[in-house]
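Enquirer: So here's query_12.txt, just compact mmCIF, N, CA and C atoms:
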```txt
# COMPACT_ATOMS: atom_id res chain seq x y z
N MET A 1 -8.33 -11.56 -11.31
CA MET A 1 -9.26 -10.84 -10.48
C MET A 1 -8.50 -10.08 -9.41
N ALA A 2 -8.97 -8.91 -9.09
CA ALA A 2 -8.29 -8.09 -8.11
C ALA A 2 -8.61 -8.50 -6.68
N LEU A 3 -9.77 -9.09 -6.45
CA LEU A 3 -10.17 -9.51 -5.11
C LEU A 3 -10.43 -11.01 -5.12
N ARG A 4 -9.79 -11.73 -4.18
CA ARG A 4 -9.94 -13.18 -4.14
C ARG A 4 -10.32 -13.58 -2.72
N VAL A 5 -11.36 -14.41 -2.59
CA VAL A 5 -11.80 -14.93 -1.30
C VAL A 5 -11.63 -16.44 -1.32
N GLU A 6 -10.90 -16.97 -0.34
CA GLU A 6 -10.62 -18.41 -0.28
C GLU A 6 -11.12 -18.96 1.05
N GLU A 7 -11.66 -20.16 1.01
CA GLU A 7 -12.05 -20.83 2.24
C GLU A 7 -10.80 -21.35 2.94
N THR A 8 -10.90 -21.46 4.26
CA THR A 8 -9.81 -22.03 5.05
C THR A 8 -10.31 -23.29 5.72
N GLY A 9 -9.52 -23.87 6.58
CA GLY A 9 -9.92 -25.08 7.29
C GLY A 9 -11.04 -24.85 8.29
N SER A 10 -11.30 -23.61 8.63
CA SER A 10 -12.34 -23.28 9.60
C SER A 10 -13.61 -22.81 8.88
N THR A 11 -14.77 -23.16 9.42
CA THR A 11 -16.04 -22.78 8.77
C THR A 11 -16.35 -21.29 8.91
N ASP A 12 -15.70 -20.61 9.85
CA ASP A 12 -16.00 -19.19 10.05
C ASP A 12 -14.83 -18.28 9.70
N THR A 13 -13.87 -18.78 8.92
CA THR A 13 -12.69 -17.99 8.55
C THR A 13 -12.46 -18.06 7.05
N PHE A 14 -12.18 -16.90 6.46
CA PHE A 14 -11.87 -16.80 5.03
C PHE A 14 -10.57 -16.04 4.86
N LYS A 15 -9.83 -16.38 3.81
CA LYS A 15 -8.64 -15.63 3.44
C LYS A 15 -9.02 -14.73 2.28
N VAL A 16 -8.85 -13.42 2.46
CA VAL A 16 -9.23 -12.44 1.45
C VAL A 16 -7.96 -11.76 0.94
N SER A 17 -7.75 -11.80 -0.37
CA SER A 17 -6.59 -11.17 -0.99
C SER A 17 -7.08 -10.04 -1.88
N GLY A 18 -6.44 -8.87 -1.76
CA GLY A 18 -6.85 -7.71 -2.55
C GLY A 18 -5.65 -6.92 -3.02
N ARG A 19 -5.91 -5.72 -3.53
CA ARG A 19 -4.89 -4.87 -4.13
C ARG A 19 -4.26 -3.90 -3.14
N GLY A 20 -4.51 -4.07 -1.86
CA GLY A 20 -3.90 -3.18 -0.87
C GLY A 20 -4.88 -2.88 0.25
N ILE A 21 -4.40 -2.12 1.20
CA ILE A 21 -5.20 -1.82 2.39
C ILE A 21 -6.46 -1.04 2.02
N LEU A 22 -6.36 -0.07 1.12
CA LEU A 22 -7.54 0.70 0.73
C LEU A 22 -8.58 -0.20 0.09
N HIS A 23 -8.17 -1.08 -0.80
CA HIS A 23 -9.07 -2.01 -1.47
C HIS A 23 -9.82 -2.86 -0.44
N LEU A 24 -9.07 -3.42 0.51
CA LEU A 24 -9.69 -4.27 1.52
C LEU A 24 -10.55 -3.47 2.49
N SER A 25 -10.17 -2.24 2.79
CA SER A 25 -10.98 -1.43 3.72
C SER A 25 -12.33 -1.06 3.10
N ILE A 26 -12.38 -0.88 1.78
CA ILE A 26 -13.66 -0.61 1.12
C ILE A 26 -14.57 -1.83 1.23
N LEU A 27 -14.02 -3.03 1.03
CA LEU A 27 -14.79 -4.25 1.20
C LEU A 27 -15.33 -4.35 2.63
N MET A 28 -14.47 -4.10 3.61
CA MET A 28 -14.90 -4.21 5.00
C MET A 28 -15.96 -3.17 5.35
N GLU A 29 -15.82 -1.97 4.83
CA GLU A 29 -16.83 -0.93 5.11
C GLU A 29 -18.17 -1.30 4.49
N ASN A 30 -18.16 -1.84 3.28
CA ASN A 30 -19.42 -2.28 2.65
C ASN A 30 -20.07 -3.41 3.47
N MET A 31 -19.26 -4.34 3.93
CA MET A 31 -19.80 -5.44 4.75
C MET A 31 -20.37 -4.91 6.06
N ARG A 32 -19.68 -3.95 6.67
CA ARG A 32 -20.16 -3.37 7.92
C ARG A 32 -21.51 -2.68 7.71
N ARG A 33 -21.64 -1.94 6.62
CA ARG A 33 -22.90 -1.24 6.32
C ARG A 33 -24.05 -2.21 6.06
N GLU A 34 -23.73 -3.40 5.56
CA GLU A 34 -24.75 -4.41 5.29
C GLU A 34 -25.10 -5.23 6.52
N GLY A 35 -24.44 -4.93 7.65
CA GLY A 35 -24.80 -5.56 8.91
C GLY A 35 -23.99 -6.78 9.30
N TYR A 36 -22.94 -7.09 8.54
CA TYR A 36 -22.09 -8.23 8.89
C TYR A 36 -21.24 -7.88 10.11
N GLU A 37 -21.03 -8.87 10.95
CA GLU A 37 -20.08 -8.73 12.05
C GLU A 37 -18.87 -9.57 11.70
N PHE A 38 -17.68 -9.01 11.80
CA PHE A 38 -16.48 -9.73 11.42
C PHE A 38 -15.28 -9.15 12.15
N MET A 39 -14.20 -9.88 12.08
CA MET A 39 -12.93 -9.44 12.64
C MET A 39 -11.88 -9.62 11.56
N ALA A 40 -11.00 -8.64 11.41
CA ALA A 40 -9.95 -8.71 10.40
C ALA A 40 -8.59 -8.71 11.09
N GLY A 41 -7.68 -9.52 10.56
CA GLY A 41 -6.32 -9.56 11.08
C GLY A 41 -5.44 -8.57 10.36
N GLN A 42 -4.21 -8.48 10.80
CA GLN A 42 -3.23 -7.57 10.18
C GLN A 42 -2.99 -8.00 8.73
N PRO A 43 -3.06 -7.07 7.76
CA PRO A 43 -2.80 -7.44 6.37
C PRO A 43 -1.34 -7.87 6.18
N GLN A 44 -1.13 -8.77 5.25
CA GLN A 44 0.21 -9.26 4.93
C GLN A 44 0.47 -9.10 3.44
N VAL A 45 1.69 -8.74 3.11
CA VAL A 45 2.08 -8.59 1.71
C VAL A 45 2.24 -9.98 1.08
N ILE A 46 1.75 -10.13 -0.16
CA ILE A 46 1.87 -11.38 -0.89
C ILE A 46 3.09 -11.27 -1.81
N PHE A 47 4.07 -12.13 -1.57
CA PHE A 47 5.28 -12.14 -2.38
C PHE A 47 5.13 -13.17 -3.49
N LYS A 48 5.76 -12.90 -4.63
CA LYS A 48 5.77 -13.85 -5.74
C LYS A 48 7.21 -14.25 -6.00
N GLU A 49 7.37 -15.39 -6.66
CA GLU A 49 8.69 -15.81 -7.08
C GLU A 49 8.75 -15.66 -8.60
N ILE A 50 9.66 -14.82 -9.06
CA ILE A 50 9.81 -14.55 -10.49
C ILE A 50 11.25 -14.88 -10.87
N GLY A 51 11.41 -15.84 -11.75
CA GLY A 51 12.74 -16.24 -12.19
C GLY A 51 13.61 -16.77 -11.05
N GLY A 52 12.98 -17.42 -10.08
CA GLY A 52 13.73 -17.98 -8.97
C GLY A 52 14.06 -16.99 -7.87
N LYS A 53 13.64 -15.73 -8.03
CA LYS A 53 13.89 -14.70 -7.02
C LYS A 53 12.59 -14.24 -6.39
N LYS A 54 12.64 -13.95 -5.10
CA LYS A 54 11.48 -13.43 -4.39
C LYS A 54 11.26 -11.98 -4.79
N ALA A 55 10.05 -11.67 -5.25
CA ALA A 55 9.71 -10.32 -5.68
C ALA A 55 8.57 -9.80 -4.81
N GLU A 56 8.64 -8.52 -4.46
CA GLU A 56 7.58 -7.93 -3.67
C GLU A 56 6.95 -6.78 -4.44
N PRO A 57 5.68 -6.48 -4.17
CA PRO A 57 5.03 -5.38 -4.87
C PRO A 57 5.63 -4.04 -4.47
N VAL A 58 5.61 -3.11 -5.40
CA VAL A 58 6.16 -1.77 -5.18
C VAL A 58 5.04 -0.76 -5.38
N GLU A 59 4.97 0.20 -4.45
CA GLU A 59 3.97 1.25 -4.54
C GLU A 59 4.63 2.53 -5.04
N ALA A 60 3.86 3.33 -5.79
CA ALA A 60 4.35 4.62 -6.27
C ALA A 60 3.85 5.70 -5.32
N LEU A 61 4.74 6.59 -4.94
CA LEU A 61 4.40 7.71 -4.06
C LEU A 61 4.81 8.99 -4.75
N THR A 62 3.86 9.93 -4.89
CA THR A 62 4.15 11.25 -5.45
C THR A 62 3.78 12.29 -4.41
N VAL A 63 4.72 13.20 -4.12
CA VAL A 63 4.50 14.21 -3.09
C VAL A 63 4.89 15.57 -3.65
N ASP A 64 4.02 16.56 -3.49
CA ASP A 64 4.33 17.95 -3.81
C ASP A 64 4.51 18.69 -2.50
N VAL A 65 5.71 19.23 -2.26
CA VAL A 65 6.01 19.90 -0.99
C VAL A 65 6.72 21.21 -1.25
N PRO A 66 6.63 22.15 -0.30
CA PRO A 66 7.45 23.36 -0.40
C PRO A 66 8.93 22.97 -0.36
N HIS A 67 9.76 23.80 -0.97
CA HIS A 67 11.19 23.49 -1.08
C HIS A 67 11.83 23.18 0.27
N GLY A 68 11.39 23.83 1.32
CA GLY A 68 12.00 23.67 2.64
C GLY A 68 11.75 22.32 3.29
N HIS A 69 10.82 21.53 2.77
CA HIS A 69 10.47 20.24 3.37
C HIS A 69 10.99 19.04 2.57
N VAL A 70 11.71 19.29 1.50
CA VAL A 70 12.16 18.21 0.62
C VAL A 70 13.04 17.21 1.36
N VAL A 71 13.99 17.70 2.14
CA VAL A 71 14.93 16.82 2.83
C VAL A 71 14.20 15.89 3.79
N ARG A 72 13.24 16.41 4.53
CA ARG A 72 12.49 15.60 5.50
C ARG A 72 11.69 14.50 4.79
N VAL A 73 11.07 14.82 3.66
CA VAL A 73 10.28 13.83 2.92
C VAL A 73 11.21 12.74 2.37
N ILE A 74 12.37 13.13 1.84
CA ILE A 74 13.32 12.15 1.32
C ILE A 74 13.81 11.24 2.45
N GLU A 75 14.08 11.80 3.62
CA GLU A 75 14.51 10.99 4.77
C GLU A 75 13.43 9.99 5.16
N TYR A 76 12.18 10.43 5.22
CA TYR A 76 11.09 9.54 5.61
C TYR A 76 10.92 8.40 4.60
N ALA A 77 10.93 8.75 3.32
CA ALA A 77 10.79 7.72 2.28
C ALA A 77 11.99 6.77 2.32
N GLY A 78 13.16 7.27 2.64
CA GLY A 78 14.35 6.43 2.75
C GLY A 78 14.24 5.42 3.88
N GLN A 79 13.59 5.82 4.98
CA GLN A 79 13.36 4.89 6.09
C GLN A 79 12.48 3.73 5.67
N ARG A 80 11.61 3.95 4.69
CA ARG A 80 10.73 2.90 4.18
C ARG A 80 11.34 2.20 2.97
N ARG A 81 12.64 2.35 2.76
CA ARG A 81 13.38 1.80 1.62
C ARG A 81 12.89 2.35 0.29
N GLY A 82 12.40 3.58 0.31
CA GLY A 82 11.92 4.21 -0.91
C GLY A 82 13.06 4.64 -1.81
N GLU A 83 12.84 4.53 -3.10
CA GLU A 83 13.83 4.94 -4.10
C GLU A 83 13.30 6.17 -4.82
N LEU A 84 14.06 7.27 -4.76
CA LEU A 84 13.66 8.50 -5.44
C LEU A 84 13.81 8.30 -6.94
N VAL A 85 12.70 8.41 -7.66
CA VAL A 85 12.69 8.18 -9.10
C VAL A 85 12.84 9.48 -9.86
N GLN A 86 12.16 10.53 -9.35
CA GLN A 86 12.19 11.81 -10.06
C GLN A 86 11.96 12.95 -9.08
N MET A 87 12.67 14.08 -9.31
CA MET A 87 12.47 15.29 -8.52
C MET A 87 12.37 16.45 -9.50
N VAL A 88 11.23 17.17 -9.46
CA VAL A 88 10.98 18.25 -10.41
C VAL A 88 10.54 19.50 -9.66
N GLN A 89 11.10 20.65 -10.04
CA GLN A 89 10.68 21.93 -9.47
C GLN A 89 9.41 22.39 -10.19
N VAL A 90 8.36 22.67 -9.41
CA VAL A 90 7.09 23.16 -9.97
C VAL A 90 6.75 24.44 -9.23
N GLY A 91 7.20 25.55 -9.77
CA GLY A 91 6.97 26.84 -9.11
C GLY A 91 7.67 26.90 -7.77
N GLU A 92 6.91 27.17 -6.71
CA GLU A 92 7.45 27.26 -5.36
C GLU A 92 7.50 25.90 -4.65
N ARG A 93 7.16 24.85 -5.36
CA ARG A 93 7.09 23.52 -4.77
C ARG A 93 8.02 22.56 -5.51
N THR A 94 8.24 21.43 -4.88
CA THR A 94 9.03 20.36 -5.49
C THR A 94 8.19 19.10 -5.53
N ARG A 95 8.14 18.47 -6.68
CA ARG A 95 7.42 17.20 -6.82
C ARG A 95 8.43 16.06 -6.74
N LEU A 96 8.21 15.19 -5.76
CA LEU A 96 9.08 14.04 -5.55
C LEU A 96 8.30 12.78 -5.89
N GLU A 97 8.92 11.90 -6.67
CA GLU A 97 8.29 10.61 -7.01
C GLU A 97 9.19 9.49 -6.52
N PHE A 98 8.58 8.56 -5.76
CA PHE A 98 9.31 7.45 -5.17
C PHE A 98 8.68 6.13 -5.58
N HIS A 99 9.47 5.07 -5.53
CA HIS A 99 8.98 3.68 -5.57
C HIS A 99 9.32 3.11 -4.20
N ILE A 100 8.29 2.60 -3.49
CA ILE A 100 8.47 2.09 -2.14
C ILE A 100 7.98 0.66 -2.07
N PRO A 101 8.79 -0.27 -1.57
CA PRO A 101 8.34 -1.65 -1.41
C PRO A 101 7.13 -1.72 -0.48
N ALA A 102 6.12 -2.48 -0.88
CA ALA A 102 4.89 -2.57 -0.08
C ALA A 102 5.07 -3.44 1.14
N GLY A 103 6.17 -4.18 1.23
CA GLY A 103 6.38 -5.11 2.35
C GLY A 103 6.73 -4.45 3.65
N ASP A 104 6.98 -3.19 3.69
CA ASP A 104 7.37 -2.54 4.95
C ASP A 104 6.18 -1.99 5.70
```
Now that the file is in, can you turn its structure into structure tokens?
Expert:
Amino acid sequence: MALRVEETGSTDTFKVSGRGILHLSILMENMRREGYEFMAGQPQVIFKEIGGKKAEPVEALTVDVPHGHVVRVIEYAGQRRGELVQMVQVGERTRLEFHIPAGD
């Protein structure tokens, strides 16, 4: 299941796990529209252990930018530990594809 709700030790607190900030924000907006009052804490990345190693989820980022902005986008993605997977010229623009760890 993509969305998991777990009870905690407190009667008024639940742990909600989802597929990312957008997924959880849609849930919260629906609850708000239905009249629920709630408070949400800072989201945290869920790490898994695969083969004895800690693994974190990776997000895909695709950006189409004018040629003059390529360096700035690569620098920004690099600050987030992004790995440039592909760079393709598309007319007057450049398409950059990155894999970025979701833990940052």
Enquirer: Excluding Gln42 in chain A and its own-chain neighbours fewer than 3 positions away, which residues fall within 12 Å of it when counting only C-alpha atoms? Please give them as a count of residues only.
Expert: 8
Enquirer: Contacts of Phe47 in chain A at 7 Å or less, counting all atoms listed in the file, minus same-chain residues fewer than 4 places along, as a compact mmCIF listing (two decimals) with N, CA and C atoms, in the frame of the given file?
Expert:
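Done, and the output landed in around-v3.txt:
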```txt
# COMPACT_ATOMS: atom_id res chain seq x y z
N LYS A 54 12.64 -13.95 -5.10
CA LYS A 54 11.48 -13.43 -4.39
C LYS A 54 11.26 -11.98 -4.79
N ALA A 55 10.05 -11.67 -5.25
CA ALA A 55 9.71 -10.32 -5.68
C ALA A 55 8.57 -9.80 -4.81
N GLU A 56 8.64 -8.52 -4.46
CA GLU A 56 7.58 -7.93 -3.67
C GLU A 56 6.95 -6.78 -4.44
N PRO A 57 5.68 -6.48 -4.17
CA PRO A 57 5.03 -5.38 -4.87
C PRO A 57 5.63 -4.04 -4.47
```
Enquirer: Residues around (11.0, 12.5, -11.8), cut-off 8 Å, counting all atoms listed in the file - what are they as a list in words?
Expert: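 Residues with an atom close enough to that point: Leu84, Val85, Gln86, Met87, Val88, Arg95, Leu96, Glu97 and Phe98 of chain A.
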Enquirer: What separation in Å, quoted to one decimal, exists between atom C of Arg32 in chain A and CA of Gly9 in chain A?
Expert: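 Going from atom C of Arg32 in chain A over to CA of Gly9 in chain A covers 25.2 Å.
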Enquirer: Choose the residue, out of A:Glu34, A:Asp12, A:Asp64, A:Glu59, that has the smallest atom-to-atom separation from Arg93 in chain A; count all atoms listed in the file.
Expert: A:Asp64
Enquirer: Per DSSP on the backbone, filter chain A down to the residues in alpha helix (DSSP H) and report them as a ChimeraX atom specification.
Expert: /A:21-33,70-79
Enquirer: Work out how far CA of Lys53 in chain A is from atom C of Glu75 in chain A, in Å to one decimal.
Expert: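 Rounded to one decimal, the two atoms are 27.5 Å apart.
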